[in-house]
Amino acid sequence: MINASNAVSDHKSPSILAECSVRDGEWLEITPHNDLLQAEGNARHKAVMQWLEEVSVPVKLIGRLHSKGEVKIDGAHIRLRLFPPMDYGFDPRPHDRVKVLYEDDYVLVMHKPAGMNVHPSEASDPTITLAHAVADHYQQTDQKCAVRHVHRLDEDTTGPVLYAKNEFALSKLDEQMRSKTIDRKYIAIVQGKVSDGLTVIDQPIGKDRHHKQRRRVSPTGQEAITHVEKIYGSARASLVRLTLETGRTHQIRVHMSDAGHTLIGDVLYGGSQEFYRQALHGEQLTFEHPFTEQTMTVNDPLPEDMTELVDQLGIPRP
């Protein structure tokens, strides 16, 4: 399994579960470091179920595994069937511009290129999406995993997209999304010189009733918070780093446009047409690994097209 160099983890000790278990095909084999399995009958069963909760196996998942006979006690080991073969859910289709940024038994982080949707808008859509490319990657590497994204990027935004490779990982990562602990940093090139005082944009975002595709700042919209760090600014253009505290549709594009600094190339929000897409790239994704519980940071270098734009505008490369 790939463990790419552009991904780093903190130095925190791995979780108790990770320290005492190993994958064995479709099963996770756990050897508890205590006398948990010394009890007999129902007492042992109850102790095992309680311990699994204590080491952060999702309760609903424990229940589903137990109901299917996929929690087994085998001598000194507990076995959980965490890696059953699953249908991809999408037809495998290769694409030469996608790239694996990080991968292990639980997660996949894939670079999404510009001009590609994360998943098809409808079943009959013939366009190759990132979901098709991920299915192809799984097929080429002989992995039987359902293609399940944890978050999305706009069609013309480049950057890392996180996938959960099994139900255990999906449950843990979905919870991180709900609690807003998955950190996403973006690089954007915007029009005009951004003020040093523009550091946080806290403006609710809702639908634009006059334009089906657009969103807008609206007092009746959903909470949306974007943190802004100016890296370089000139009268013509600024390079900014943006961190999302929420994840609304078009959040960065709407917030920067409302602040008077539309992304270069973002014609939907009135941006200049000197670039063929909105100049926005996801440069970093940080999340807690669902199994080891260590903090994972995955970096995605600035793509070639935005590097060329930075050079054309005379902006120092980040």
# chains A, B, ... in the order shown; residues from 1 in each chain; ligands from 1
call {"tool": "residues_around", "arguments": {"residues": "Ala18 (chain A)", "least_positions_apart": "3", "cutoff": "12 Å", "atoms": "only C-alpha atoms", "output": "ChimeraX atom specification"}}
result
/A:13-15,21-23,28-33,55-57,106,289-294
call {"tool": "closest_atom_pairs", "arguments": {"of": "region 107-151 of chain A", "to": "region 75-89 of chain A", "cutoff": "6 Å", "atoms": "only C-alpha atoms", "output": "JSON lines"}}
result
{"residue": "A:Ala135", "atom": "CA", "partner": "A:Tyr88", "partner_atom": "CA", "distance": 5.8}
{"residue": "A:Lys144", "atom": "CA", "partner": "A:Pro85", "partner_atom": "CA", "distance": 4.8}
{"residue": "A:Cys145", "atom": "CA", "partner": "A:Met86", "partner_atom": "CA", "distance": 5.0}
{"residue": "A:Ala146", "atom": "CA", "partner": "A:Tyr88", "partner_atom": "CA", "distance": 4.2}
{"residue": "A:Val147", "atom": "CA", "partner": "A:Tyr88", "partner_atom": "CA", "distance": 5.4}
call {"tool": "write_last_selection", "arguments": {"atoms": "N, CA and C atoms", "output": "PDB file, in the first residue's frame"}}
result
ATOM      1  N   ALA A 135     -12.177   4.145  -8.833  1.00  0.00           N
ATOM      2  CA  ALA A 135     -12.564   2.749  -9.078  1.00  0.00           C
ATOM      3  C   ALA A 135     -11.515   2.039  -9.929  1.00  0.00           C
ATOM      4  N   LYS A 144     -10.881  -4.428  -3.393  1.00  0.00           N
ATOM      5  CA  LYS A 144     -12.338  -4.511  -3.513  1.00  0.00           C
ATOM      6  C   LYS A 144     -12.975  -3.519  -2.533  1.00  0.00           C
ATOM      7  N   CYS A 145     -12.889  -2.245  -2.841  1.00  0.00           N
ATOM      8  CA  CYS A 145     -13.388  -1.193  -1.954  1.00  0.00           C
ATOM      9  C   CYS A 145     -14.481  -0.394  -2.663  1.00  0.00           C
ATOM     10  N   ALA A 146     -15.521  -0.050  -1.934  1.00  0.00           N
ATOM     11  CA  ALA A 146     -16.510   0.885  -2.466  1.00  0.00           C
ATOM     12  C   ALA A 146     -15.878   2.275  -2.553  1.00  0.00           C
ATOM     13  N   VAL A 147     -16.217   3.003  -3.606  1.00  0.00           N
ATOM     14  CA  VAL A 147     -15.690   4.362  -3.784  1.00  0.00           C
ATOM     15  C   VAL A 147     -16.562   5.314  -2.962  1.00  0.00           C
TER      16      VAL A 147
END
call {"tool": "closest_atom_pairs", "arguments": {"of": "region 248-288 of chain A", "to": "region 305-315 of chain A", "cutoff": "10 Å", "atoms": "only C-alpha atoms", "output": "Markdown table"}}
result
| residue | atom | partner | partner_atom | distance |
| --- | --- | --- | --- | --- |
| A:Ile264 | CA | A:Leu309 | CA | 9.8 |
| A:Glu274 | CA | A:Leu309 | CA | 9.1 |
| A:Phe275 | CA | A:Leu309 | CA | 7.7 |
| A:Tyr276 | CA | A:Asp305 | CA | 9.5 |
| A:Arg277 | CA | A:Asp305 | CA | 9.9 |
| A:Gln278 | CA | A:Met306 | CA | 9.9 |
| A:Ala279 | CA | A:Met306 | CA | 6.7 |
| A:Leu280 | CA | A:Met306 | CA | 8.2 |
| A:His281 | CA | A:Met306 | CA | 8.2 |
call {"tool": "closest_residue", "arguments": {"among": "A:Gly192, A:Gly233, A:Pro219, A:Gly282", "to": "Leu162 (chain A)", "atoms": "only C-alpha atoms"}}
result
A:Gly282
call {"tool": "residues_around", "arguments": {"residues": "Ile62 (chain A)", "least_positions_apart": "3", "cutoff": "8 Å", "atoms": "only C-alpha atoms", "output": "ChimeraX atom specification"}}
result
/A:49,52,57-59,65-66,71
call {"tool": "write_last_selection", "arguments": {"atoms": "N, CA, C and O atoms", "output": "short mmCIF file (atom, residue, chain, number, x, y, z; two decimals), in the first residue's frame"}}
result
data_model
loop_
_atom_site.label_atom_id
_atom_site.label_comp_id
_atom_site.auth_asym_id
_atom_site.auth_seq_id
_atom_site.Cartn_x
_atom_site.Cartn_y
_atom_site.Cartn_z
N MET A 49 -17.44 -6.62 23.87
CA MET A 49 -18.22 -5.56 23.25
C MET A 49 -17.95 -4.21 23.93
O MET A 49 -17.82 -3.18 23.26
N LEU A 52 -14.44 -2.95 22.89
CA LEU A 52 -14.41 -2.43 21.53
C LEU A 52 -14.93 -0.99 21.48
O LEU A 52 -14.39 -0.14 20.76
N VAL A 57 -14.18 1.78 18.45
CA VAL A 57 -14.87 1.16 17.32
C VAL A 57 -16.30 1.68 17.36
O VAL A 57 -16.96 1.59 18.40
N PRO A 58 -16.82 2.28 16.27
CA PRO A 58 -18.16 2.87 16.30
C PRO A 58 -19.23 1.87 16.75
O PRO A 58 -19.25 0.72 16.29
N VAL A 59 -20.09 2.31 17.65
CA VAL A 59 -21.09 1.42 18.25
C VAL A 59 -22.00 0.80 17.20
O VAL A 59 -22.29 -0.41 17.24
N LEU A 65 -21.71 -5.64 12.68
CA LEU A 65 -20.79 -6.78 12.56
C LEU A 65 -21.26 -7.95 13.41
O LEU A 65 -21.25 -9.11 12.96
N HIS A 66 -21.71 -7.67 14.61
CA HIS A 66 -22.17 -8.73 15.50
C HIS A 66 -23.39 -9.44 14.93
O HIS A 66 -23.49 -10.68 14.98
N VAL A 71 -18.00 -10.64 14.29
CA VAL A 71 -17.16 -10.42 15.47
C VAL A 71 -16.89 -11.79 16.05
O VAL A 71 -17.80 -12.50 16.47
#
call {"tool": "select_by_dssp", "arguments": {"residues": "region 163-228 of chain A", "states": "alpha helix (DSSP H)", "output": "list in words"}}
result
Glu167, Phe168, Ala169, Leu170, Ser171, Lys172, Leu173, Asp174, Glu175, Gln176, Met177 and Arg178 of chain A
call {"tool": "residues_around", "arguments": {"residues": "Glu175 (chain A)", "least_positions_apart": "3", "cutoff": "12 Å", "atoms": "only C-alpha atoms", "output": "PyMOL selection string"}}
result
chain A and resi 58+150+168-172+178-182+287-288+290
call {"tool": "closest_residue", "arguments": {"among": "A:Lys68, A:Arg97, A:Lys12, A:Lys230", "to": "Ala188 (chain A)", "atoms": "only C-alpha atoms"}}
result
A:Lys230
call {"tool": "residues_around", "arguments": {"residues": "Glu155 (chain A)", "least_positions_apart": "2", "cutoff": "8 Å", "atoms": "only C-alpha atoms", "output": "list in words"}}
result
Ala114, Gly115, Met116, Asn117, Val118, Leu153 and Thr157 of chain A
call {"tool": "closest_residue", "arguments": {"among": "A:Glu229, A:Asp96, A:Asp91, A:Glu40", "to": "Asp125 (chain A)", "atoms": "only C-alpha atoms"}}
result
A:Asp91
call {"tool": "closest_residue", "arguments": {"among": "A:His149, A:His250, A:His119, A:Arg241", "to": "His227 (chain A)", "atoms": "only C-alpha atoms"}}
result
A:Arg241
call {"tool": "select_by_dssp", "arguments": {"residues": "region 177-257 of chain A", "states": "strand (DSSP E)", "output": "ChimeraX atom specification"}}
result
/A:183-191,200-202,205-207,215-217,225-233,237-244
call {"tool": "write_last_selection", "arguments": {"atoms": "N, CA, C and O atoms", "output": "compact mmCIF listing (two decimals), in the first residue's frame"}}
result
# COMPACT_ATOMS: atom_id res chain seq x y z
N ASP A 183 -9.30 19.74 8.43
CA ASP A 183 -8.79 21.07 8.09
C ASP A 183 -8.37 21.09 6.62
O ASP A 183 -7.61 20.22 6.18
N ARG A 184 -8.86 22.08 5.89
CA ARG A 184 -8.54 22.20 4.46
C ARG A 184 -7.98 23.59 4.19
O ARG A 184 -8.62 24.60 4.49
N LYS A 185 -6.79 23.62 3.60
CA LYS A 185 -6.16 24.89 3.24
C LYS A 185 -6.08 24.99 1.72
O LYS A 185 -5.77 24.02 1.03
N TYR A 186 -6.35 26.19 1.22
CA TYR A 186 -6.37 26.44 -0.22
C TYR A 186 -5.45 27.60 -0.56
O TYR A 186 -5.22 28.49 0.26
N ILE A 187 -4.97 27.59 -1.79
CA ILE A 187 -4.24 28.71 -2.36
C ILE A 187 -5.11 29.29 -3.48
O ILE A 187 -5.64 28.55 -4.31
N ALA A 188 -5.25 30.61 -3.50
CA ALA A 188 -6.02 31.25 -4.56
C ALA A 188 -5.29 32.48 -5.06
O ALA A 188 -4.53 33.13 -4.33
N ILE A 189 -5.50 32.79 -6.32
CA ILE A 189 -5.01 34.03 -6.92
C ILE A 189 -6.23 34.88 -7.21
O ILE A 189 -7.13 34.47 -7.95
N VAL A 190 -6.29 36.05 -6.59
CA VAL A 190 -7.48 36.89 -6.66
C VAL A 190 -7.16 38.24 -7.25
O VAL A 190 -6.00 38.66 -7.30
N GLN A 191 -8.18 38.93 -7.69
CA GLN A 191 -8.02 40.25 -8.29
C GLN A 191 -7.77 41.32 -7.23
O GLN A 191 -8.38 41.32 -6.17
N VAL A 200 -10.48 37.34 8.35
CA VAL A 200 -11.60 36.43 8.53
C VAL A 200 -12.83 36.98 7.82
O VAL A 200 -13.14 38.17 7.93
N ILE A 201 -13.50 36.12 7.06
CA ILE A 201 -14.78 36.48 6.45
C ILE A 201 -15.85 35.61 7.09
O ILE A 201 -15.83 34.38 6.94
N ASP A 202 -16.73 36.22 7.83
CA ASP A 202 -17.81 35.52 8.53
C ASP A 202 -19.13 36.04 7.97
O ASP A 202 -19.71 36.98 8.50
N ILE A 205 -23.99 32.17 3.71
CA ILE A 205 -24.12 31.94 2.27
C ILE A 205 -25.41 31.19 1.96
O ILE A 205 -25.74 30.20 2.62
N GLY A 206 -26.13 31.69 0.97
CA GLY A 206 -27.36 31.03 0.52
C GLY A 206 -27.41 30.97 -0.99
O GLY A 206 -26.50 31.43 -1.68
N LYS A 207 -28.48 30.41 -1.53
CA LYS A 207 -28.65 30.32 -2.98
C LYS A 207 -28.98 31.69 -3.55
O LYS A 207 -29.58 32.53 -2.89
N ARG A 215 -24.12 31.06 -5.78
CA ARG A 215 -24.47 31.29 -4.39
C ARG A 215 -24.16 32.75 -4.07
O ARG A 215 -23.46 33.43 -4.83
N ARG A 216 -24.65 33.24 -2.94
CA ARG A 216 -24.39 34.63 -2.58
C ARG A 216 -24.39 34.79 -1.07
O ARG A 216 -24.94 33.95 -0.34
N VAL A 217 -23.76 35.87 -0.60
CA VAL A 217 -23.86 36.22 0.81
C VAL A 217 -25.30 36.64 1.09
O VAL A 217 -25.86 37.48 0.38
N ILE A 225 -17.62 30.54 7.36
CA ILE A 225 -16.46 31.27 7.89
C ILE A 225 -15.21 30.85 7.11
O ILE A 225 -14.90 29.66 7.02
N THR A 226 -14.52 31.83 6.56
CA THR A 226 -13.28 31.60 5.82
C THR A 226 -12.17 32.44 6.43
O THR A 226 -12.34 33.65 6.64
N HIS A 227 -11.04 31.80 6.72
CA HIS A 227 -9.87 32.53 7.23
C HIS A 227 -8.94 32.86 6.07
O HIS A 227 -8.68 32.01 5.20
N VAL A 228 -8.44 34.10 6.04
CA VAL A 228 -7.66 34.61 4.92
C VAL A 228 -6.26 35.01 5.39
O VAL A 228 -6.11 35.73 6.38
N GLU A 229 -5.25 34.55 4.66
CA GLU A 229 -3.86 34.97 4.91
C GLU A 229 -3.27 35.46 3.60
O GLU A 229 -3.13 34.69 2.64
N LYS A 230 -2.93 36.75 3.55
CA LYS A 230 -2.31 37.27 2.33
C LYS A 230 -0.85 36.86 2.28
O LYS A 230 -0.09 37.12 3.21
N ILE A 231 -0.46 36.22 1.19
CA ILE A 231 0.93 35.82 1.00
C ILE A 231 1.68 36.89 0.20
O ILE A 231 2.84 37.20 0.46
N TYR A 232 0.98 37.44 -0.80
CA TYR A 232 1.59 38.48 -1.65
C TYR A 232 0.45 39.30 -2.24
O TYR A 232 -0.61 38.77 -2.58
N GLY A 233 0.67 40.60 -2.37
CA GLY A 233 -0.37 41.43 -2.95
C GLY A 233 0.20 42.55 -3.80
O GLY A 233 1.22 43.17 -3.45
N ALA A 237 -3.02 41.75 -8.61
CA ALA A 237 -3.47 40.46 -8.10
C ALA A 237 -2.80 40.15 -6.77
O ALA A 237 -1.72 40.65 -6.47
N SER A 238 -3.45 39.31 -5.99
CA SER A 238 -2.91 38.85 -4.71
C SER A 238 -2.93 37.34 -4.65
O SER A 238 -3.80 36.67 -5.23
N LEU A 239 -1.95 36.79 -3.94
CA LEU A 239 -1.90 35.36 -3.65
C LEU A 239 -2.31 35.19 -2.20
O LEU A 239 -1.71 35.81 -1.30
N VAL A 240 -3.34 34.39 -1.95
CA VAL A 240 -3.85 34.23 -0.58
C VAL A 240 -3.96 32.76 -0.23
O VAL A 240 -4.18 31.90 -1.09
N ARG A 241 -3.80 32.50 1.06
CA ARG A 241 -4.04 31.16 1.60
C ARG A 241 -5.34 31.23 2.39
O ARG A 241 -5.54 32.12 3.21
N LEU A 242 -6.23 30.27 2.16
CA LEU A 242 -7.55 30.30 2.77
C LEU A 242 -7.82 29.00 3.52
O LEU A 242 -7.51 27.92 3.01
N THR A 243 -8.37 29.13 4.70
CA THR A 243 -8.72 27.96 5.50
C THR A 243 -10.22 27.99 5.77
O THR A 243 -10.76 29.01 6.23
N LEU A 244 -10.87 26.87 5.49
CA LEU A 244 -12.32 26.79 5.69
C LEU A 244 -12.65 26.31 7.10
O LEU A 244 -12.13 25.29 7.55
call {"tool": "residues_around", "arguments": {"residues": "Ala47 (chain A)", "least_positions_apart": "4", "cutoff": "7 Å", "atoms": "only C-alpha atoms", "output": "JSON, numbers by chain"}}
result
{"A": [36, 43, 51]}
call {"tool": "closest_residue", "arguments": {"among": "A:Ala224, A:Val48, A:Ala131, A:Met177", "to": "Arg253 (chain A)", "atoms": "only C-alpha atoms"}}
result
A:Ala224
call {"tool": "closest_residue", "arguments": {"among": "A:His151, A:His210, A:His111, A:Lys193", "to": "Thr246 (chain A)", "atoms": "only C-alpha atoms"}}
result
A:His151
call {"tool": "atom_distance", "arguments": {"atom1": "CA of His11 (chain A)", "atom2": "CA of Glu283 (chain A)"}}
result
21.9 Å
